[in-house]
Number of protein chains: 2
Amino acid sequence: MPATIRDVARESGVHISTVSRTFSAPHLVNPDTRTRVLACAEQLGYRPNRAARALITGRTYNVGLIVADIANPFFPPLIKAAESQARQRDYHIFVADSNEDAAVEEDLVRALAKQVDGILLCSPRMSNSLIELLSREVPLVVINRQITGLPTVVMDVAQGAGLAVDHLAGLGHRRIGLIAGPRGSWTSKEIRRSAALAARAGGAELTVIGPNPPTEHGGAAVAEQVLRSGVSAVLAYNDLMAIGLIEGLHAHGARVPADISVVGIDDIALSRLIHPKLTTVATPAAAAGRAAVDMLLAHGDDRRTTAHASLQTELVIRDSTGPGPDPHSHADPGNAAAAAPEAVASYAKE
Amino acid sequence: MPATIRDVARESGVHISTVSRTFSAPHLVNPDTRTRVLACAEQLGYRPNRAARALITGRTYNVGLIVADIANPFFPPLIKAAESQARQRDYHIFVADSNEDAAVEEDLVRALAKQVDGILLCSPRMSNSLIELLSREVPLVVINRQITGLPTVVMDVAQGAGLAVDHLAGLGHRRIGLIAGPRGSWTSKEIRRSAALAARAGGAELTVIGPNPPTEHGGAAVAEQVLRSGVSAVLAYNDLMAIGLIEGLHAHGARVPADISVVGIDDIALSRLIHPKLTTVATPAAAAGRAAVDMLLAHGDDRRTTAHASLQTELVIRDSTGPGPDPHSHADPGNAAAAAPEAVASYAKE
DNA sequence: CTCCTCACTGCAAACGTTTGCAGCAGAACT
DNA sequence: AGTTCTGCTGCAAACGTTTGCAGTGAGGAG
């Protein structure tokens with residue numbers, strides 16, 4: 001039913017190979033012929049069949065992008081950036097959602113492998129060894145996990161977590177909680193490592209709670225545990241959990257930041273819309289999406305280059321953090337000493 | 001490099017057609033042969049090449065899904081539902097984002113047409129005639145717009161908007177604002193039509209403001225205009241705009257719902273997280289995603305069936321709506337008469 | 001005038017599958 | 001015993017492209 005290359009060839013009185021070249025190697029065909037062919041193609045509504053092209057060239061001009069949870073507001077900006085970057089090069093992005101499940105993730109990679117030129121694996125939950133195994137079946141770029149031997153794009157969340165803990169310690173908090181992310185998350189491990197370091201340096205004690213599902217519910221669910229643990233400040237694995245936690249704390253009658261300070265990670269749009277506005281570590285999700293696409297597509301030219309990109313993060317101080325408890329009294333310390341809203345502290349090297 | 005059907009055939013000592021049948025028509029091959037073939041396939045890591053299969057069968061087992069803006073929290077649940085529904089039938093979903101741009105939308109449909117078995121067009125911004133034109137190139141299911149002659153899934157947002165206006169009129173509001181959505185949105189027109197009807201029935205006057213971009217910024221941008229217009233209640237095209245509007249109103253010193261009541265549409269997760277919790281019209285996005293996939297895939301069997309599904313919406317009353325201004329005094333009416341939280345009013349026929 | 005080059009075009013073999021058709025046993029009828 | 005049927009398998013032609021190779025004619029160089 002749809003017009004094929006043969007229809008165009010017949011209509012314009014040339015061989016199919018000339019039609020083919022009109023599209024994939026225009027410089028090889030006579031300008032007159034080319035315009036005639038193009039006219040016929042246009043008139044017949046011809047569009048090259050990508051499946052047939054893929055079959056012979058081995059390139060699909062598709063890229064897979066696997067994220068843990070598309071409903072997590074952290075991902076859409078990354079997806080959009082990757083999409084537009086890919087579209088510029090005439091590629092399409094195949095987005096899939098693993099539901100935070102390593103097994104689904106593996107299935108997706110396998111299923112996608114044959115119909116894409118490469119896969120962007122974002123915040124994978126699989127083990128490193130499995131990822132390395134899969135990378136032999138299809139070119140992979142890993143986002144948010146460092147794996148030697150594979151091209152990766154990471155957001156330097158360790159640095160951000162360090163800044164966050166510094167910030168809290170600077171406000172006088174001596175007992176700080178860390179709401180860990182999901183099992184299998186490299187980012188969560190990084191945060192933990194860096195937060196522990198920063199806590200020690202700042203003379204604070206770090207209590208880890210988790211692992212937890214990285215959702216609003218995950219955050220709300222640990223509210224009681226946080227209160228019992230006696231910490232006066234908390235760093236959450238991501239903004240969604242931080243927001244859920246704040247909800248949960250409010251439900252238990254605790255005030256933020258008067259009773260407990262909360263810091264998130266990601267700086268999703270939502271973090272500016274809740275009350276109190278969330279202090280958080282901003283991660284450059286869009287830049288990561290673009291970088292990953294670039295890396296994958298460059299990767300196609302010279303084989304087996306394993307680049308690593310590490311993107312800066314920033315601490316954005318808003319209203320959910322305040323001074324720690326006065327060591328000599330139990331009076332409500334208020335929120336007076338909170339830093340200026342929207343102030344940005346960063347160790348950007350550039 | 002990757003194993004082909006021929007490798008498996010050689011290894012297991014059968015003809016390639018038998019290997020093919022082992023996968024695509026298992027009942028036609030002897031159980032013994034089948035297990036032998038499967039073993040070889042497994043061992044060689046063979047996966048059928050979808051491009052080759054698509055070439056001959058004409059079915060790609062891919063479905064396109066075009067949404068206006070993946071960053072709008074309304075869409076992800078729909079996308080996830082569509083994905084999982086599709087995966088159950090061994091289909092994959094190709095998600096793309098049109099950036100609220102009709103021209104991009106058209107390009108996407110054309111680009112996707114040849115590599116999918118059908119496209120789910122969600123909240124399209126294109127004209128009806130263009131959509132009808134495109135539907136001749138590739139099977140289309142339209143979500144959130146009624147088009148005769150094409151299979152469609154709509155959420156009955158007119159009904160919900162009517163309920164919302166009834167609710168506001170019932171609270172004593174006599175001047176109600178409607179923050180319209182983007183130009184080209186069928187849903188926006190529906191809301192407007194239905195809200196006008198309900199307003200007249202409830203003895204209220206409806207002021208339409210817009211069109212506007214359907215984002216938080218779009219809502220915030222009209223805050224001043226809303227205040228000047230003298231309305232005491234507002235229905236917004238979607239939750240994102242309602243939330244932006246509330247932010248904007250707060251910035252101008254107005255209180256919600258004491259000074260102005262605000263109702264959103266969609267019931268995104270976020271609407272429960274802000275203060276005041278948003279009264280809104282819940283739309284069954286996930287159900288719509290599933291229905292659309294079903295419709296598209298059923299569509300494949302008997303050609304040219306044009307089904308229409310209309311999904312119920314519900315009014316979810318939370319804390320952003322309160323009584324209208326007392327006609328005899330200008331005293332602050334407070335929030336006492338607000339309905340019980342999370343009460344649900346619905347005209348569900350079933 | 002001959003030969004070479006050059007720009008263009010046609011030919012045909014791939015790419016990895018699916019599928020209608022035919023063949024061939026052996027089983028089950030008549 | 002002959003016939004039909006059934007279950008399985010092989011054969012080969014497609015599907016719509018791309019691409020190395022060969023062929024064509026025109027024009028330029030010698």
# chains A, B, ... in the order shown; residues from 1 in each chain; ligands from 1
$ interface_residues --of "chain B" --to "chain D" --cutoff "7 Å" --atoms "only C-alpha atoms (C1' of nucleotides)" --output "VMD selection string"
chain B and resid 15 29 to 30 55 to 56
$ interface_residues --of "chain B" --to "chain A" --cutoff "9 Å" --atoms "only C-alpha atoms" --output "PyMOL selection string"
chain B and resi 2+47-55+60+69-73+75-77+79-80+83+92-97+99+110-112+114-115+137+243-244+247+270+273-275
$ interface_residues --of "chain C" --to "chain B" --cutoff "9 Å" --atoms "only C-alpha atoms (C1' of nucleotides)" --output "ChimeraX atom specification"
/C:15-19
$ select_by_dssp --residues "range 106-290 of chain A" --states "alpha helix (DSSP H)" --output "ChimeraX atom specification"
/A:106-113,128-134,157-170,186-201,216-221,223-229,239-251,285-290
$ select_by_dssp --residues "range 143-238 of chain B" --states "strand (DSSP E)" --output "count of residues only"
19
